[in-house]
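Colleague: So here's coords_31.cif, just mmCIF, C-alpha atoms and all ligand atoms:
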```
data_input
#
loop_
_atom_site.group_PDB
_atom_site.id
_atom_site.type_symbol
_atom_site.label_atom_id
_atom_site.label_comp_id
_atom_site.auth_asym_id
_atom_site.auth_seq_id
_atom_site.Cartn_x
_atom_site.Cartn_y
_atom_site.Cartn_z
ATOM 1 C CA MET Y 166 104.651 234.434 39.433
ATOM 2 C CA ARG Y 167 108.359 233.986 39.973
ATOM 3 C CA ASN Y 168 110.897 234.788 37.276
ATOM 4 C CA ILE Y 169 112.704 231.986 35.524
ATOM 5 C CA VAL Y 170 116.396 232.836 35.475
ATOM 6 C CA LEU Y 171 118.897 231.115 33.195
ATOM 7 C CA ILE Y 172 122.495 231.155 34.337
ATOM 8 C CA GLY Y 173 125.541 229.285 33.042
ATOM 9 C CA PHE Y 174 128.875 229.669 31.319
ATOM 10 C CA MET Y 175 129.281 231.488 27.998
ATOM 11 C CA GLY Y 176 128.045 229.336 25.133
ATOM 12 C CA THR Y 177 125.696 227.146 27.139
ATOM 13 C CA GLY Y 178 122.664 228.546 25.281
ATOM 14 C CA LYS Y 179 121.077 230.969 27.756
ATOM 15 C CA THR Y 180 119.899 233.505 25.177
ATOM 16 C CA THR Y 181 118.607 231.004 22.613
ATOM 17 C CA ILE Y 182 116.869 228.848 25.205
ATOM 18 C CA GLY Y 183 115.579 231.836 27.161
ATOM 19 C CA ARG Y 184 113.881 233.313 24.106
ATOM 20 C CA LEU Y 185 112.286 229.980 23.147
ATOM 21 C CA LEU Y 186 111.190 229.275 26.703
ATOM 22 C CA ALA Y 187 109.585 232.695 27.040
ATOM 23 C CA ASN Y 188 107.737 232.081 23.774
ATOM 24 C CA ARG Y 189 106.531 228.719 24.949
ATOM 25 C CA LEU Y 190 105.302 230.150 28.255
ATOM 26 C CA GLY Y 191 103.930 233.367 26.759
ATOM 27 C CA ARG Y 192 106.084 235.412 29.128
ATOM 28 C CA PRO Y 193 108.367 238.382 28.450
ATOM 29 C CA PHE Y 194 112.050 237.664 27.842
ATOM 30 C CA ILE Y 195 114.938 239.847 28.956
ATOM 31 C CA ASP Y 196 118.602 239.271 28.231
ATOM 32 C CA SER Y 197 120.585 241.107 30.876
ATOM 33 C CA ASP Y 198 123.623 241.728 28.618
ATOM 34 C CA LYS Y 199 121.474 242.959 25.734
ATOM 35 C CA LYS Y 200 119.754 245.430 28.062
ATOM 36 C CA ILE Y 201 123.115 246.666 29.374
ATOM 37 C CA GLU Y 202 124.285 247.117 25.772
ATOM 38 C CA TYR Y 203 121.111 248.951 24.821
ATOM 39 C CA GLU Y 204 121.237 251.304 27.798
ATOM 40 C CA ASN Y 205 124.930 252.090 27.356
ATOM 41 C CA GLY Y 206 124.651 252.381 23.591
ATOM 42 C CA MET Y 207 127.721 250.136 23.389
ATOM 43 C CA SER Y 208 128.422 246.441 22.920
ATOM 44 C CA ILE Y 209 129.762 244.398 25.853
ATOM 45 C CA ARG Y 210 133.116 244.342 24.072
ATOM 46 C CA GLU Y 211 133.121 248.142 23.758
ATOM 47 C CA ILE Y 212 132.215 248.517 27.437
ATOM 48 C CA PHE Y 213 135.084 246.206 28.448
ATOM 49 C CA ASN Y 214 137.511 248.043 26.143
ATOM 50 C CA ALA Y 215 136.505 251.532 27.199
ATOM 51 C CA TYR Y 216 135.900 251.103 30.937
ATOM 52 C CA GLY Y 217 137.198 247.651 31.919
ATOM 53 C CA GLU Y 218 135.665 244.587 33.520
ATOM 54 C CA THR Y 219 135.118 246.206 36.945
ATOM 55 C CA TYR Y 220 132.845 248.821 35.405
ATOM 56 C CA PHE Y 221 130.952 246.134 33.472
ATOM 57 C CA ARG Y 222 130.425 244.129 36.694
ATOM 58 C CA GLN Y 223 128.982 247.243 38.362
ATOM 59 C CA GLN Y 224 126.605 247.701 35.451
ATOM 60 C CA GLU Y 225 125.701 244.027 35.670
ATOM 61 C CA ARG Y 226 124.985 244.278 39.407
ATOM 62 C CA SER Y 227 122.751 247.293 39.013
ATOM 63 C CA MET Y 228 120.913 245.640 36.096
ATOM 64 C CA ILE Y 229 120.347 242.467 38.147
ATOM 65 C CA ALA Y 230 119.091 244.564 41.073
ATOM 66 C CA ARG Y 231 116.482 246.075 38.734
ATOM 67 C CA LEU Y 232 115.549 242.821 36.997
ATOM 68 C CA SER Y 233 115.044 241.082 40.325
ATOM 69 C CA HIS Y 234 111.998 243.292 40.885
ATOM 70 C CA TYR Y 235 110.338 241.993 37.736
ATOM 71 C CA ASN Y 236 107.723 239.242 37.868
ATOM 72 C CA ASN Y 237 106.734 236.438 35.563
ATOM 73 C CA THR Y 238 109.702 237.076 33.253
ATOM 74 C CA VAL Y 239 112.267 234.786 31.680
ATOM 75 C CA ILE Y 240 115.693 236.310 32.332
ATOM 76 C CA ALA Y 241 118.953 235.259 30.663
ATOM 77 C CA ALA Y 242 121.857 236.435 32.825
ATOM 78 C CA GLY Y 243 125.453 236.935 31.681
ATOM 79 C CA GLY Y 244 127.865 234.082 32.390
ATOM 80 C CA GLY Y 245 129.648 235.980 35.147
ATOM 81 C CA VAL Y 246 126.540 236.876 37.131
ATOM 82 C CA VAL Y 247 127.408 234.188 39.688
ATOM 83 C CA LEU Y 248 130.615 236.001 40.656
ATOM 84 C CA SER Y 249 128.579 238.313 42.860
ATOM 85 C CA ALA Y 250 126.805 236.665 45.788
ATOM 86 C CA GLU Y 251 124.579 239.737 45.932
ATOM 87 C CA ASN Y 252 123.346 239.029 42.393
ATOM 88 C CA MET Y 253 122.410 235.475 43.300
ATOM 89 C CA VAL Y 254 120.567 236.450 46.481
ATOM 90 C CA ARG Y 255 118.548 238.983 44.496
ATOM 91 C CA LEU Y 256 117.734 236.639 41.644
ATOM 92 C CA LYS Y 257 116.743 233.832 44.007
ATOM 93 C CA ARG Y 258 114.423 235.998 46.045
ATOM 94 C CA ASN Y 259 111.934 236.213 43.221
ATOM 95 C CA GLY Y 260 113.076 233.556 40.781
ATOM 96 C CA VAL Y 261 113.797 229.947 40.119
ATOM 97 C CA ILE Y 262 117.367 229.518 38.890
ATOM 98 C CA ILE Y 263 118.163 227.123 36.076
ATOM 99 C CA ALA Y 264 121.804 226.509 35.187
ATOM 100 C CA LEU Y 265 122.606 225.461 31.637
ATOM 101 C CA THR Y 266 125.841 223.520 31.276
ATOM 102 C CA ALA Y 267 127.928 222.266 28.350
ATOM 103 C CA SER Y 268 131.190 220.421 27.780
ATOM 104 C CA THR Y 269 134.365 222.463 27.221
ATOM 105 C CA GLU Y 270 134.410 221.235 23.627
ATOM 106 C CA THR Y 271 130.858 222.487 23.016
ATOM 107 C CA ILE Y 272 131.594 225.820 24.700
ATOM 108 C CA LEU Y 273 134.682 226.331 22.517
ATOM 109 C CA GLU Y 274 132.753 225.448 19.403
ATOM 110 C CA ARG Y 275 129.797 227.741 20.165
ATOM 111 C CA THR Y 276 131.804 230.710 21.429
ATOM 112 C CA GLY Y 277 134.226 230.391 18.498
ATOM 113 C CA ARG Y 278 131.473 231.202 16.002
ATOM 114 C CA ARG Y 279 131.268 234.865 16.936
ATOM 115 C CA ASN Y 280 133.913 236.978 18.561
ATOM 116 C CA THR Y 281 131.691 238.809 21.050
ATOM 117 C CA ARG Y 282 133.246 237.697 24.362
ATOM 118 C CA PRO Y 283 136.125 239.883 25.515
ATOM 119 C CA LEU Y 284 137.182 237.310 28.140
ATOM 120 C CA LEU Y 285 137.922 234.827 25.345
ATOM 121 C CA ASP Y 286 139.879 237.166 23.083
ATOM 122 C CA ASP Y 287 143.212 235.382 23.356
ATOM 123 C CA PHE Y 288 142.559 232.859 20.590
ATOM 124 C CA GLU Y 289 145.648 230.748 21.311
ATOM 125 C CA LYS Y 290 144.702 230.318 24.948
ATOM 126 C CA ARG Y 291 140.915 230.017 24.641
ATOM 127 C CA GLU Y 292 140.742 226.414 25.817
ATOM 128 C CA GLN Y 293 142.999 227.167 28.781
ATOM 129 C CA ILE Y 294 140.924 230.219 29.725
ATOM 130 C CA VAL Y 295 137.610 228.372 29.424
ATOM 131 C CA ASN Y 296 138.884 225.535 31.611
ATOM 132 C CA LYS Y 297 140.247 227.947 34.201
ATOM 133 C CA LEU Y 298 137.029 229.980 34.395
ATOM 134 C CA LEU Y 299 134.890 226.842 34.477
ATOM 135 C CA LYS Y 300 136.935 225.514 37.376
ATOM 136 C CA GLU Y 301 136.666 228.808 39.263
ATOM 137 C CA ARG Y 302 132.920 229.077 38.704
ATOM 138 C CA MET Y 303 131.782 225.445 38.893
ATOM 139 C CA GLU Y 304 130.796 225.661 42.523
ATOM 140 C CA LEU Y 305 128.884 228.893 41.915
ATOM 141 C CA TYR Y 306 126.810 227.496 39.044
ATOM 142 C CA GLN Y 307 125.991 224.512 41.226
ATOM 143 C CA LYS Y 308 123.904 226.741 43.471
ATOM 144 C CA ALA Y 309 121.109 226.745 40.871
ATOM 145 C CA ASP Y 310 117.828 224.915 41.500
ATOM 146 C CA CYS Y 311 118.248 222.754 38.422
ATOM 147 C CA HIS Y 312 121.041 221.862 35.955
ATOM 148 C CA ILE Y 313 120.597 220.966 32.332
ATOM 149 C CA ASP Y 314 123.379 219.876 29.990
ATOM 150 C CA THR Y 315 122.826 221.387 26.547
ATOM 151 C CA SER Y 316 125.874 219.821 24.834
ATOM 152 C CA ASN Y 317 124.077 217.108 22.895
ATOM 153 C CA SER Y 318 120.486 218.278 22.977
ATOM 154 C CA SER Y 319 118.433 220.282 20.531
ATOM 155 C CA PRO Y 320 116.907 223.519 21.851
ATOM 156 C CA GLN Y 321 113.530 221.759 21.819
ATOM 157 C CA GLN Y 322 114.858 218.942 24.026
ATOM 158 C CA VAL Y 323 116.306 221.468 26.455
ATOM 159 C CA ILE Y 324 112.977 223.318 26.588
ATOM 160 C CA ASN Y 325 111.185 220.053 27.283
ATOM 161 C CA GLU Y 326 113.562 219.274 30.158
ATOM 162 C CA ILE Y 327 113.060 222.731 31.617
ATOM 163 C CA MET Y 328 109.278 222.444 31.287
ATOM 164 C CA PHE Y 329 109.388 219.076 33.059
ATOM 165 C CA PHE Y 330 111.382 220.564 35.927
ATOM 166 C CA LEU Y 331 109.103 223.598 36.196
ATOM 167 C CA ARG Y 332 105.925 221.479 36.221
ATOM 168 C CA GLN Y 333 107.323 218.997 38.734
ATOM 169 C CA GLY Y 334 108.340 221.816 41.048
ATOM 170 C CA GLY Y 335 104.981 223.552 40.749
ATOM 171 C CA TYR Y 336 106.739 226.659 39.444
ATOM 172 C CA LEU Y 337 104.143 227.219 36.739
ATOM 173 C CA ARG Y 338 101.212 227.317 39.127
ATOM 174 C CA GLY Y 339 102.518 230.210 41.132
ATOM 175 C CA ARG Y 340 102.562 228.374 44.425
ATOM 176 C CA SER Y 341 106.345 228.300 44.897
HETATM 177 C C1 LIG Y 401 130.759 236.944 30.678
HETATM 178 C C2 LIG Y 401 129.753 236.426 29.894
HETATM 179 C C3 LIG Y 401 129.094 237.182 28.823
HETATM 180 C C4 LIG Y 401 129.166 238.697 29.124
HETATM 181 C C5 LIG Y 401 130.574 239.116 29.380
HETATM 182 C C6 LIG Y 401 131.216 238.363 30.551
HETATM 183 C C7 LIG Y 401 131.373 236.096 31.724
HETATM 184 O O1 LIG Y 401 127.735 236.791 28.701
HETATM 185 O O2 LIG Y 401 128.357 239.011 30.222
HETATM 186 O O3 LIG Y 401 131.301 238.910 28.189
HETATM 187 O O4 LIG Y 401 132.043 236.629 32.616
HETATM 188 O O5 LIG Y 401 131.172 234.855 31.674
HETATM 189 P P1 LIG Y 401 127.281 235.395 28.001
HETATM 190 O O6 LIG Y 401 127.384 234.329 29.035
HETATM 191 O O7 LIG Y 401 125.863 235.665 27.615
HETATM 192 O O8 LIG Y 401 128.171 235.176 26.837
#
```
Turn this file's structure into structure tokens for me.
Ligand code: S3P
Modeller:
Amino acid sequence: MRNIVLIGFMGTGKTTIGRLLANRLGRPFIDSDKKIEYENGMSIREIFNAYGETYFRQQERSMIARLSHYNNTVIAAGGGVVLSAENMVRLKRNGVIIALTASTETILERTGRRNTRPLLDDFEKREQIVNKLLKERMELYQKADCHIDTSNSSPQQVINEIMFFLRQGGYLRGRS
């Protein structure tokens, strides 16, 4: 059966929702960033600091290339996965793509809780940066098969919406 791939901006809930969804479906869950961290023995922040964003994007591309050969897995991708068209082609080939969205306010609130995102390090300019990146990436996130706003929903509500979409589309019966 096809993978279920969660994409979306930082702080939209990909990891939390992905883990819950995988549990609900009894499928394996893989977080692309966590796997990159594990294999490099470094956090995303440390990778950015030591080698820069270009290196991280290469790592991300090669991880996505590998994950796209998996089956029946729930995959949470990093927020910037959409920046590479190659990533999206690969993920789509064997997966249904669900984009999680959230308001700028919600994103700032959620990403402000833990300082793990190197792209949002400039505290004074966080709102400006989030708005700029959202604007740049909006069109790319729109290429998903389904969009779900997580701003005012509980994780359970989001899971229910995803399950509804997956059932309606026949994605759980392995015919798509
Ligand atoms: C990034 C998002 C992060 C991580 C890296 C870059 C981005 O993942 O991959 O910090 O470019 O949006 P999350 O979306 O899981 O925070």
Colleague: Which residues form the shell of 7 Å around ligand LIG 401 (chain Y) when you count all atoms listed in the file, given as a list in words?
Modeller: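 Answer in the requested format: Gly173, Phe174, Met175, Gly176, Lys179, Thr180, Asp198, Ile209, Ala242, Gly243, Gly244, Gly245, Arg282, Pro283 and Leu284 of chain Y.
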Colleague: Leaving out range 302-314 of chain Y and any residue of its chain fewer than 4 positions from it, which residues lie within 6 Å of it when counting only C-alpha atoms, given as a VMD selection string?
Modeller: chain Y and resid 247 262 to 267
Colleague: Contacts of range 220-229 of chain Y at 8 Å or less, counting all atoms listed in the file, minus same-chain residues fewer than 4 places along, as a PyMOL selection string?
Modeller: chain Y and resi 197-198+201+209+212-213+216+233+246+249+251-252+255-256
Colleague: Quick one: apply the PyMOL selection byres (((chain Y and resi 183-187) around 9) and not hetatm) to the file and drop the selected residues here as an NGL selection string.
Modeller: :Y and (169-171 or 178-182 or 188-196 or 238-241 or 320-321 or 324 or 327-328)
Colleague: Out of Y:His234, Y:Gly217, Y:Glu270, Y:Gly260, which residue has the shortest atom-to-atom distance to Asn296 in chain Y when counting only C-alpha atoms?
Modeller: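 Once distances to Asn296 in chain Y are computed over only C-alpha atoms, the minimum belongs to Y:Glu270.
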